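Okay, start19.tsv now, which holds TSV, C-alpha atoms and all ligand atoms:
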chain	number	residue	atom	x	y	z
A	1	MET	CA	0.00	0.00	0.00
A	2	GLU	CA	3.04	2.26	-0.47
A	3	THR	CA	1.29	4.77	-2.71
A	4	ILE	CA	-1.96	4.83	-0.77
A	5	ASP	CA	-2.70	7.43	1.88
A	6	CYS	CA	-3.15	5.49	5.12
A	7	LEU	CA	-3.90	5.93	8.82
A	8	THR	CA	-2.28	3.70	11.41
A	9	LEU	CA	-4.44	1.82	13.92
A	10	TRP	CA	-3.21	1.46	17.50
A	11	ASN	CA	-1.91	-2.06	16.75
A	12	GLY	CA	0.21	-0.77	13.85
A	13	VAL	CA	-2.12	-1.96	11.06
A	14	ARG	CA	-2.43	0.59	8.26
A	15	ILE	CA	-5.88	1.43	6.96
A	16	PRO	CA	-6.30	3.32	3.67
A	17	THR	CA	-7.86	6.67	4.52
A	18	LEU	CA	-10.31	6.43	1.66
A	19	GLY	CA	-12.38	3.32	1.06
A	20	ILE	CA	-15.46	2.38	-0.88
A	21	GLY	CA	-18.80	1.43	0.64
A	22	THR	CA	-20.97	-1.40	-0.65
A	23	SER	CA	-24.22	-1.24	1.34
A	24	PHE	CA	-27.25	-2.49	-0.58
A	25	VAL	CA	-29.15	0.78	-0.12
A	26	GLY	CA	-29.24	2.27	-3.62
A	27	GLY	CA	-27.89	-0.94	-5.10
A	28	TYR	CA	-24.48	-2.50	-5.61
A	29	SER	CA	-22.61	-2.13	-8.88
A	30	HIS	CA	-20.09	-4.74	-9.92
A	31	GLU	CA	-18.84	-2.44	-12.65
A	32	ALA	CA	-18.24	0.44	-10.22
A	33	MET	CA	-16.42	-1.81	-7.75
A	34	VAL	CA	-14.12	-3.21	-10.44
A	35	HIS	CA	-13.53	0.32	-11.72
A	36	ALA	CA	-12.62	1.53	-8.21
A	37	LEU	CA	-10.05	-1.21	-7.76
A	38	LYS	CA	-8.66	-1.33	-11.26
A	39	HIS	CA	-8.57	2.33	-12.25
A	40	CYS	CA	-8.95	4.50	-9.15
A	41	ASN	CA	-6.41	2.97	-6.78
A	42	VAL	CA	-9.10	2.30	-4.17
A	43	ARG	CA	-7.78	-0.40	-1.84
A	44	HIS	CA	-10.17	-0.29	1.10
A	45	ILE	CA	-13.51	-2.09	0.73
A	46	ASP	CA	-16.31	-1.94	3.29
A	47	THR	CA	-18.73	-4.84	3.18
A	48	ALA	CA	-20.85	-6.68	5.76
A	49	ARG	CA	-22.72	-9.90	6.19
A	50	LYS	CA	-25.92	-7.86	6.31
A	51	TYR	CA	-25.27	-6.50	2.80
A	52	HIS	CA	-25.46	-10.01	1.27
A	53	ASN	CA	-22.82	-8.99	-1.26
A	54	GLU	CA	-19.57	-10.44	0.06
A	55	HIS	CA	-19.61	-12.96	-2.81
A	56	LEU	CA	-20.06	-10.08	-5.30
A	57	VAL	CA	-17.15	-8.21	-3.73
A	58	ALA	CA	-15.09	-11.39	-4.17
A	59	MET	CA	-15.98	-11.48	-7.89
A	60	ALA	CA	-15.02	-7.82	-8.32
A	61	ILE	CA	-11.67	-8.36	-6.60
A	62	LEU	CA	-10.95	-11.33	-8.83
A	63	GLU	CA	-11.88	-9.41	-11.97
A	64	SER	CA	-9.82	-6.37	-10.94
A	65	GLY	CA	-6.66	-8.44	-10.68
A	66	VAL	CA	-5.60	-6.61	-7.50
A	67	VAL	CA	-3.81	-9.05	-5.23
A	68	ARG	CA	-5.09	-9.75	-1.73
A	69	ASP	CA	-2.20	-8.22	0.18
A	70	LYS	CA	-2.73	-4.86	-1.54
A	71	LEU	CA	-6.29	-4.70	-0.22
A	72	PHE	CA	-7.86	-3.70	3.08
A	73	ILE	CA	-11.15	-5.56	3.46
A	74	THR	CA	-13.66	-4.91	6.25
A	75	SER	CA	-16.66	-7.05	7.04
A	76	LYS	CA	-19.09	-7.09	9.96
A	77	ALA	CA	-21.15	-9.45	12.06
A	78	TRP	CA	-24.86	-8.62	12.35
A	79	PRO	CA	-26.67	-8.88	15.72
A	80	SER	CA	-28.55	-12.01	14.62
A	81	ASP	CA	-25.10	-13.67	14.60
A	82	TYR	CA	-24.13	-12.52	18.08
A	83	GLY	CA	-23.01	-14.95	20.77
A	84	TYR	CA	-19.59	-16.56	21.11
A	85	GLU	CA	-20.04	-19.56	18.76
A	86	SER	CA	-22.41	-17.96	16.26
A	87	THR	CA	-20.16	-14.93	15.78
A	88	LYS	CA	-17.30	-17.27	14.92
A	89	THR	CA	-19.55	-19.19	12.52
A	90	ALA	CA	-20.69	-15.95	10.87
A	91	PHE	CA	-17.07	-14.83	10.56
A	92	ARG	CA	-16.07	-18.09	8.85
A	93	GLU	CA	-19.02	-17.84	6.46
A	94	SER	CA	-18.05	-14.26	5.60
A	95	LEU	CA	-14.48	-15.34	4.91
A	96	GLN	CA	-15.78	-18.06	2.63
A	97	GLN	CA	-18.19	-15.73	0.80
A	98	THR	CA	-15.46	-13.12	0.29
A	99	GLN	CA	-13.01	-15.83	-0.79
A	100	VAL	CA	-10.25	-14.61	1.49
A	101	ASP	CA	-8.44	-16.27	4.36
A	102	TYR	CA	-8.40	-13.21	6.63
A	103	PHE	CA	-10.12	-9.84	7.03
A	104	ASP	CA	-8.12	-6.69	7.63
A	105	LEU	CA	-10.88	-5.45	9.91
A	106	TYR	CA	-13.88	-7.24	11.36
A	107	LEU	CA	-16.58	-5.32	13.23
A	108	LEU	CA	-19.59	-5.87	15.45
A	109	HIS	CA	-22.06	-4.03	13.21
A	110	PHE	CA	-24.49	-2.74	15.78
A	111	PRO	CA	-24.62	-2.55	19.61
A	112	LYS	CA	-27.88	-4.46	19.93
A	113	SER	CA	-29.03	-8.00	20.55
A	114	PRO	CA	-31.28	-9.80	18.07
A	115	ASP	CA	-34.38	-8.68	19.99
A	116	GLY	CA	-33.34	-5.03	19.62
A	117	THR	CA	-32.27	-4.58	23.26
A	118	SER	CA	-28.72	-4.10	24.49
A	119	ASP	CA	-27.72	-7.44	25.97
A	120	LYS	CA	-24.30	-6.64	27.44
A	121	LYS	CA	-23.46	-10.29	28.01
A	122	LEU	CA	-24.26	-11.37	24.45
A	123	ILE	CA	-22.29	-8.50	22.94
A	124	SER	CA	-19.32	-9.16	25.21
A	125	GLU	CA	-19.36	-12.86	24.20
A	126	SER	CA	-19.28	-11.78	20.55
A	127	TRP	CA	-16.39	-9.46	21.31
A	128	LYS	CA	-14.56	-12.34	22.99
A	129	ALA	CA	-14.98	-14.32	19.76
A	130	LEU	CA	-13.46	-11.41	17.80
A	131	GLU	CA	-10.55	-11.19	20.25
A	132	GLU	CA	-9.80	-14.86	19.63
A	133	LEU	CA	-10.08	-14.52	15.84
A	134	TYR	CA	-7.69	-11.57	16.11
A	135	ALA	CA	-5.24	-13.57	18.25
A	136	GLN	CA	-5.34	-16.32	15.62
A	137	GLY	CA	-4.48	-13.81	12.87
A	138	LEU	CA	-7.78	-14.41	11.06
A	139	CYS	CA	-8.50	-10.70	11.25
A	140	LYS	CA	-5.69	-8.17	11.39
A	141	SER	CA	-7.76	-5.76	13.46
A	142	ILE	CA	-11.15	-5.73	15.17
A	143	GLY	CA	-13.64	-3.07	16.04
A	144	VAL	CA	-17.21	-1.94	16.49
A	145	SER	CA	-19.75	0.07	14.56
A	146	ASN	CA	-22.57	2.34	15.69
A	147	PHE	CA	-21.33	2.08	19.28
A	148	GLU	CA	-22.17	5.05	21.48
A	149	ILE	CA	-20.09	5.94	24.56
A	150	SER	CA	-22.36	3.88	26.83
A	151	ASP	CA	-22.00	0.82	24.55
A	152	ILE	CA	-18.22	1.14	24.65
A	153	GLU	CA	-18.30	1.56	28.43
A	154	ASN	CA	-20.28	-1.70	28.65
A	155	LEU	CA	-17.82	-3.52	26.41
A	156	LYS	CA	-14.91	-2.12	28.41
A	157	GLU	CA	-16.04	-4.10	31.47
A	158	THR	CA	-14.91	-7.36	29.85
A	159	TRP	CA	-12.67	-6.56	26.90
A	160	THR	CA	-9.05	-7.63	26.84
A	161	VAL	CA	-8.41	-5.98	23.47
A	162	ILE	CA	-9.47	-2.37	22.88
A	163	PRO	CA	-11.36	-2.05	19.56
A	164	MET	CA	-9.14	-0.51	16.92
A	165	VAL	CA	-12.04	1.15	15.10
A	166	ASN	CA	-15.52	2.53	15.64
A	167	GLN	CA	-17.31	2.91	12.30
A	168	ILE	CA	-20.00	5.56	12.71
A	169	GLU	CA	-22.00	8.08	10.73
A	170	VAL	CA	-20.00	11.29	10.18
A	171	HIS	CA	-20.43	13.96	7.50
A	172	VAL	CA	-20.67	17.73	7.26
A	173	PHE	CA	-24.23	17.61	8.61
A	174	TYR	CA	-23.37	15.33	11.52
A	175	TYR	CA	-20.23	15.39	13.65
A	176	PRO	CA	-20.67	13.59	17.01
A	177	LYS	CA	-17.74	15.38	18.64
A	178	GLU	CA	-18.04	13.88	22.11
A	179	LEU	CA	-18.15	10.30	20.79
A	180	ILE	CA	-15.30	10.93	18.36
A	181	GLU	CA	-13.09	12.44	21.07
A	182	TYR	CA	-13.98	9.66	23.51
A	183	CYS	CA	-12.97	7.01	20.93
A	184	GLN	CA	-9.81	8.88	20.02
A	185	GLY	CA	-8.95	9.09	23.73
A	186	LEU	CA	-8.99	5.29	23.82
A	187	GLY	CA	-6.85	5.11	20.69
A	188	MET	CA	-9.72	4.03	18.46
A	189	GLN	CA	-9.77	5.19	14.84
A	190	ILE	CA	-13.07	6.55	13.51
A	191	VAL	CA	-14.18	5.34	10.10
A	192	ALA	CA	-16.88	7.67	8.78
A	193	TYR	CA	-19.79	6.05	7.01
A	194	CYS	CA	-22.19	8.07	4.83
A	195	PRO	CA	-19.46	10.71	4.32
A	196	LEU	CA	-21.57	12.16	1.51
A	197	ALA	CA	-24.67	12.15	3.72
A	198	LYS	CA	-26.22	9.75	1.20
A	199	GLY	CA	-25.78	12.32	-1.56
A	200	LYS	CA	-27.23	15.30	0.36
A	201	VAL	CA	-23.89	17.16	0.37
A	202	MET	CA	-24.33	17.72	-3.36
A	203	ALA	CA	-27.26	20.07	-2.73
A	204	HIS	CA	-25.92	22.30	0.05
A	205	HIS	CA	-25.21	25.89	-1.02
A	206	VAL	CA	-22.08	26.30	1.16
A	207	ILE	CA	-20.53	23.15	-0.30
A	208	ILE	CA	-21.56	24.05	-3.84
A	209	ASN	CA	-19.97	27.50	-3.46
A	210	MET	CA	-16.77	26.03	-2.02
A	211	ALA	CA	-16.59	23.44	-4.78
A	212	ASP	CA	-16.93	26.24	-7.35
A	213	LYS	CA	-14.27	28.33	-5.62
A	214	LEU	CA	-11.78	25.43	-5.49
A	215	SER	CA	-12.76	23.90	-8.85
A	216	ARG	CA	-13.58	20.63	-7.13
A	217	LYS	CA	-16.69	18.48	-6.80
A	218	CYS	CA	-19.00	18.66	-3.78
A	219	SER	CA	-18.32	14.98	-3.02
A	220	GLN	CA	-14.57	15.70	-2.89
A	221	ILE	CA	-15.05	18.65	-0.55
A	222	ALA	CA	-17.22	16.51	1.74
A	223	SER	CA	-14.80	13.57	1.94
A	224	ARG	CA	-11.81	15.87	2.26
A	225	TRP	CA	-13.43	17.56	5.25
A	226	VAL	CA	-13.88	14.16	6.92
A	227	ILE	CA	-10.28	13.19	6.16
A	228	GLN	CA	-8.86	16.48	7.48
A	229	HIS	CA	-10.62	15.73	10.76
A	230	GLY	CA	-8.32	12.69	10.98
A	231	LEU	CA	-11.00	10.16	10.04
A	232	ALA	CA	-11.19	7.53	7.31
A	233	ALA	CA	-14.07	7.83	4.82
A	234	ILE	CA	-15.95	5.18	2.84
A	235	PRO	CA	-18.15	6.89	0.24
A	236	LYS	CA	-20.18	4.70	-2.06
A	237	SER	CA	-21.34	5.13	-5.63
A	238	THR	CA	-22.80	2.73	-8.17
A	239	LYS	CA	-21.42	4.84	-11.04
A	240	CYS	CA	-17.88	4.55	-12.39
A	241	SER	CA	-17.52	8.28	-13.10
A	242	ARG	CA	-18.55	9.15	-9.54
A	243	VAL	CA	-16.29	6.50	-8.01
A	244	GLU	CA	-13.46	8.11	-9.92
A	245	GLU	CA	-14.47	11.59	-8.78
A	246	ASN	CA	-14.78	10.40	-5.16
A	247	SER	CA	-11.30	8.92	-5.22
A	248	LYS	CA	-9.59	12.22	-6.04
A	249	VAL	CA	-9.26	13.66	-2.57
A	250	PHE	CA	-5.52	13.61	-1.99
A	251	ASP	CA	-4.41	16.24	-4.48
A	252	PHE	CA	-5.82	19.25	-2.64
A	253	THR	CA	-6.30	20.51	0.91
A	254	LEU	CA	-8.94	22.64	2.55
A	255	SER	CA	-7.60	25.74	4.29
A	256	ASP	CA	-8.31	26.29	8.00
A	257	GLU	CA	-10.85	28.90	6.96
A	258	ASP	CA	-12.63	26.50	4.58
A	259	MET	CA	-12.63	23.79	7.28
A	260	GLU	CA	-14.17	26.26	9.72
A	261	THR	CA	-16.83	27.25	7.19
A	262	LEU	CA	-17.72	23.57	6.70
A	263	ASN	CA	-17.61	22.98	10.46
A	264	GLN	CA	-20.47	25.43	10.81
A	265	ILE	CA	-22.80	23.33	8.62
A	266	HIS	CA	-23.54	20.73	11.26
A	267	VAL	CA	-24.08	23.49	13.79
A	268	THR	CA	-26.68	25.29	11.66
A	269	ASP	CA	-28.05	22.48	9.44
A	270	GLY	CA	-27.23	19.43	11.57
A	271	GLN	CA	-28.99	16.18	10.75
A	272	ARG	CA	-28.28	12.47	10.63
A	273	VAL	CA	-29.13	10.51	7.52
A	274	THR	CA	-29.53	7.27	9.48
A	275	ASP	CA	-31.07	6.97	12.91
A	276	PRO	CA	-30.36	3.56	14.35
A	277	ARG	CA	-31.88	4.43	17.71
A	278	ARG	CA	-35.35	5.17	16.45
A	279	VAL	CA	-36.10	1.96	14.57
A	280	ARG	CA	-35.80	-1.71	15.27
A	281	PHE	CA	-32.41	-3.06	14.29
A	282	ASP	CA	-33.83	-5.77	12.02
A	283	GLN	CA	-35.56	-3.15	9.88
A	284	LEU	CA	-32.39	-1.18	9.37
A	285	ALA	CA	-30.52	-1.02	6.12
A	286	LEU	CA	-27.11	-0.25	7.57
M	1	LIG	N1	-21.72	0.52	9.73
M	1	LIG	C1	-22.91	0.94	9.37
M	1	LIG	O1	-23.90	0.78	10.10
M	1	LIG	C2	-23.07	1.65	8.07
M	1	LIG	C3	-24.24	2.41	7.81
M	1	LIG	C4	-24.35	3.07	6.58
M	1	LIG	C5	-23.32	2.95	5.65
M	1	LIG	N2	-22.23	2.18	5.91
M	1	LIG	C6	-21.14	2.03	4.93
M	1	LIG	O2	-20.78	3.31	4.45
M	1	LIG	C7	-20.90	3.34	3.02
M	1	LIG	C8	-21.25	4.73	2.54
M	1	LIG	O3	-22.51	5.13	3.04
M	1	LIG	P1	-23.77	5.31	2.09
M	1	LIG	O4	-23.58	4.48	0.88
M	1	LIG	O5	-24.97	5.06	2.90
M	1	LIG	O6	-23.78	6.87	1.79
M	1	LIG	P2	-22.77	7.92	1.06
M	1	LIG	O7	-21.52	7.27	0.61
M	1	LIG	O8	-22.70	9.08	1.97
M	1	LIG	O9	-23.63	8.38	-0.20
M	1	LIG	C9	-23.99	7.49	-1.21
M	1	LIG	C10	-25.01	8.22	-2.10
M	1	LIG	O10	-24.38	9.33	-2.72
M	1	LIG	C11	-24.47	9.23	-4.14
M	1	LIG	N3	-23.16	9.65	-4.67
M	1	LIG	C12	-21.97	9.05	-4.45
M	1	LIG	N4	-20.97	9.72	-5.05
M	1	LIG	C13	-21.55	10.77	-5.67
M	1	LIG	C14	-21.05	11.83	-6.46
M	1	LIG	N5	-19.75	11.94	-6.73
M	1	LIG	N6	-21.94	12.73	-6.97
M	1	LIG	C15	-23.26	12.64	-6.70
M	1	LIG	N7	-23.80	11.66	-5.95
M	1	LIG	C16	-22.95	10.73	-5.44
M	1	LIG	C17	-24.75	7.77	-4.42
M	1	LIG	O11	-25.56	7.64	-5.58
M	1	LIG	P3	-25.05	6.79	-6.87
M	1	LIG	O12	-24.83	5.38	-6.44
M	1	LIG	O13	-26.21	6.97	-7.82
M	1	LIG	O14	-23.79	7.48	-7.33
M	1	LIG	C18	-25.55	7.35	-3.19
M	1	LIG	O15	-26.92	7.68	-3.36
M	1	LIG	C19	-21.97	2.27	2.76
M	1	LIG	O16	-21.99	1.87	1.41
M	1	LIG	C20	-21.56	1.19	3.73
M	1	LIG	O17	-20.47	0.45	3.21
M	1	LIG	C21	-22.08	1.55	7.11
Any chance you could give the structure as C-alpha cells?
Amino acid sequence: METIDCLTLWNGVRIPTLGIGTSFVGGYSHEAMVHALKHCNVRHIDTARKYHNEHLVAMAILESGVVRDKLFITSKAWPSDYGYESTKTAFRESLQQTQVDYFDLYLLHFPKSPDGTSDKKLISESWKALEELYAQGLCKSIGVSNFEISDIENLKETWTVIPMVNQIEVHVFYYPKELIEYCQGLGMQIVAYCPLAKGKVMAHHVIINMADKLSRKCSQIASRWVIQHGLAAIPKSTKCSRVEENSKVFDFTLSDEDMETLNQIHVTDGQRVTDPRRVRFDQLAL
C-alpha cells in the first residue's frame, strides 16, 4: 500500500484513509467496484454480512486483478449472529463468501441484541470471539460500529483488546464530537460512514460555493473535510464516473478557513441521515 494514503491503527495496522462502501441501499454495482479497484487505486472495501454482497465483492476483486495483500477488506457481524459460537460461525461464512483467508478489519455491526435490546453479556461474548479470531491472525484488526459511549463503556467491562475502530455516521451535517473524542482518547480510529450524507452534500449551497471556488466536486469537498478531521471515509457510488471523482481527494487541501466554514454546517443544518436508535435493528438497512 506504499502509494496509498493510510492511517495507522493502534496495533500498527495501516488502513487506507479512503475506502469504498458497498451497502445495498441504492444498489451494488459490480462495474463500479471493479472500476474503483482497477482504475482509481481504491484499496479499502467496506462490506458486511448484512449486505449479502460479500460474494459479489469477491468477484469484483478477482476481476480487478488486484492481489489480496494490496487490499484492506472490512466485514461485519450482524446482531442475529451474536453470541460466542455464532459470531465465529458468521465470521467463517463471511471469509468463505469473500473468498479470502483473513479480514483486515472485522466489526460488530451494531450494539444491539437480536431482539433489539442491548444485551451486554451477548455483545461481550461476541467481542470475545473477535478477540480470539484476532489472536489467531484471522482478522488483522477488530472493532465496532454504531457504538455510542455507553456501549463502549459496557464492552470495556470485559474486553481484553481495545477495539481498533468505531465505524460511525459522520459527514458535514453530523459530527458527534463527544463520541469521536472519547474514541480517540482510547486510541480508536473513527471510520466515517455516509461521508456524503447519502448524496445530500451535493445540494448544500455552502458546499456548492466552495466546490466552485476550489474547482472541485461537492463529493470531494465533503470527503476531504472528513479526512482532514483525521478520520477515514468510505463513500459509495454505483457509477464509475462518480467512483473516480470520489477517489480524487488527496491532491488538494482545505484551508483552515474552509474547514471552519464547513464545520459550521452541522451546527446550523445538523442532521443524521440514518437513525439507528429510532427503529428496530432488524428493519435497518445499515
Ligand atoms: N456501519 C454501518 O452501520 C453503516 C451504515 C451506513 C453505511 N455504511 C457504509 O458506508 C458506506 C457509505 O454510506 P452510504 O452508501 O450510505 O452513503 P454515502 O456514501 O454518503 O452516499 C452514497 C449516495 O451518494 C451518491 N453519490 C456518491 N458519489 C456521488 C457523487 N460523486 N456525486 C453525486 N452523488 C454521489 C450515491 O448515488 P449513486 O450510487 O447513484 O452514485 C448514493 O446515493 C456504505 O456503502 C456502507 O459500506 C455503514
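The residue that comes closest to A:Leu7, out of A:Ser64, A:Gln264, A:Ser241, A:Gln189 and on the basis of only C-alpha atoms, is A:Gln189.
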Taking into account all atoms listed in the file, which residue in the set A:Leu138, A:Asp69, A:Gly143, A:Ser118 is nearest to A:Ser94?
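Closest to A:Ser94, using all atoms listed in the file: A:Leu138.
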Quick one: residues within 8 Å of stretch 217-227 of chain A, all atoms listed in the file counted, chain neighbours fewer than 3 positions away excluded, as a PyMOL selection string?
chain A and resi 17+170-172+192+195-196+201-202+207-208+210-212+230-233+235+245-250+253-254+259+262
Cut-off 6 Å, all atoms listed in the file, neighbours of ligand LIG 1 (chain M) as a ChimeraX atom specification
/A:21-23,26,46-47,109,145-146,167,193-199,219,234-239,242,245-246,286
I need the chosen residues saved as an mmCIF file, in the coordinates of the input, with C-alpha atoms.
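The result, stored in selection.cif:
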data_model
loop_
_atom_site.group_PDB
_atom_site.id
_atom_site.type_symbol
_atom_site.label_atom_id
_atom_site.label_comp_id
_atom_site.auth_asym_id
_atom_site.auth_seq_id
_atom_site.Cartn_x
_atom_site.Cartn_y
_atom_site.Cartn_z
ATOM 1 C CA GLY A 21 -18.800 1.430 0.640
ATOM 2 C CA THR A 22 -20.970 -1.400 -0.650
ATOM 3 C CA SER A 23 -24.220 -1.240 1.340
ATOM 4 C CA GLY A 26 -29.240 2.270 -3.620
ATOM 5 C CA ASP A 46 -16.310 -1.940 3.290
ATOM 6 C CA THR A 47 -18.730 -4.840 3.180
ATOM 7 C CA HIS A 109 -22.060 -4.030 13.210
ATOM 8 C CA SER A 145 -19.750 0.070 14.560
ATOM 9 C CA ASN A 146 -22.570 2.340 15.690
ATOM 10 C CA GLN A 167 -17.310 2.910 12.300
ATOM 11 C CA TYR A 193 -19.790 6.050 7.010
ATOM 12 C CA CYS A 194 -22.190 8.070 4.830
ATOM 13 C CA PRO A 195 -19.460 10.710 4.320
ATOM 14 C CA LEU A 196 -21.570 12.160 1.510
ATOM 15 C CA ALA A 197 -24.670 12.150 3.720
ATOM 16 C CA LYS A 198 -26.220 9.750 1.200
ATOM 17 C CA GLY A 199 -25.780 12.320 -1.560
ATOM 18 C CA SER A 219 -18.320 14.980 -3.020
ATOM 19 C CA ILE A 234 -15.950 5.180 2.840
ATOM 20 C CA PRO A 235 -18.150 6.890 0.240
ATOM 21 C CA LYS A 236 -20.180 4.700 -2.060
ATOM 22 C CA SER A 237 -21.340 5.130 -5.630
ATOM 23 C CA THR A 238 -22.800 2.730 -8.170
ATOM 24 C CA LYS A 239 -21.420 4.840 -11.040
ATOM 25 C CA ARG A 242 -18.550 9.150 -9.540
ATOM 26 C CA GLU A 245 -14.470 11.590 -8.780
ATOM 27 C CA ASN A 246 -14.780 10.400 -5.160
ATOM 28 C CA LEU A 286 -27.110 -0.250 7.570
#
Considering only C-alpha atoms, return as a list in words whatever protein or nucleic-acid residues lie within 6 Å of stretch 79-89 of chain A, sequence-local ones (same chain, fewer than 6 positions apart) excluded.
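After dropping sequence-adjacent residues, the list is Ser113, Pro114, Leu122, Glu125, Ser126 and Ala129 of chain A.
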For those residues, write C-alpha atoms to a file as a PDB file, in the frame of the given file.
ATOM      1  CA  SER A 113     -29.030  -8.000  20.550  1.00  0.00           C
ATOM      2  CA  PRO A 114     -31.280  -9.800  18.070  1.00  0.00           C
ATOM      3  CA  LEU A 122     -24.260 -11.370  24.450  1.00  0.00           C
ATOM      4  CA  GLU A 125     -19.360 -12.860  24.200  1.00  0.00           C
ATOM      5  CA  SER A 126     -19.280 -11.780  20.550  1.00  0.00           C
ATOM      6  CA  ALA A 129     -14.980 -14.320  19.760  1.00  0.00           C
TER       7      ALA A 129
END
Measure the distance from atom CA of A:Ile142 to atom CA of A:Val57 in Å and round it to one decimal.
20.0 Å
Residues within 6 Å of (-11.0, -10.6, 24.0), file coords, only C-alpha atoms, listed as a list in words:
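Applying the cut-off with only C-alpha atoms, one gets Lys128, Glu131, Trp159, Thr160 and Val161 of chain A.
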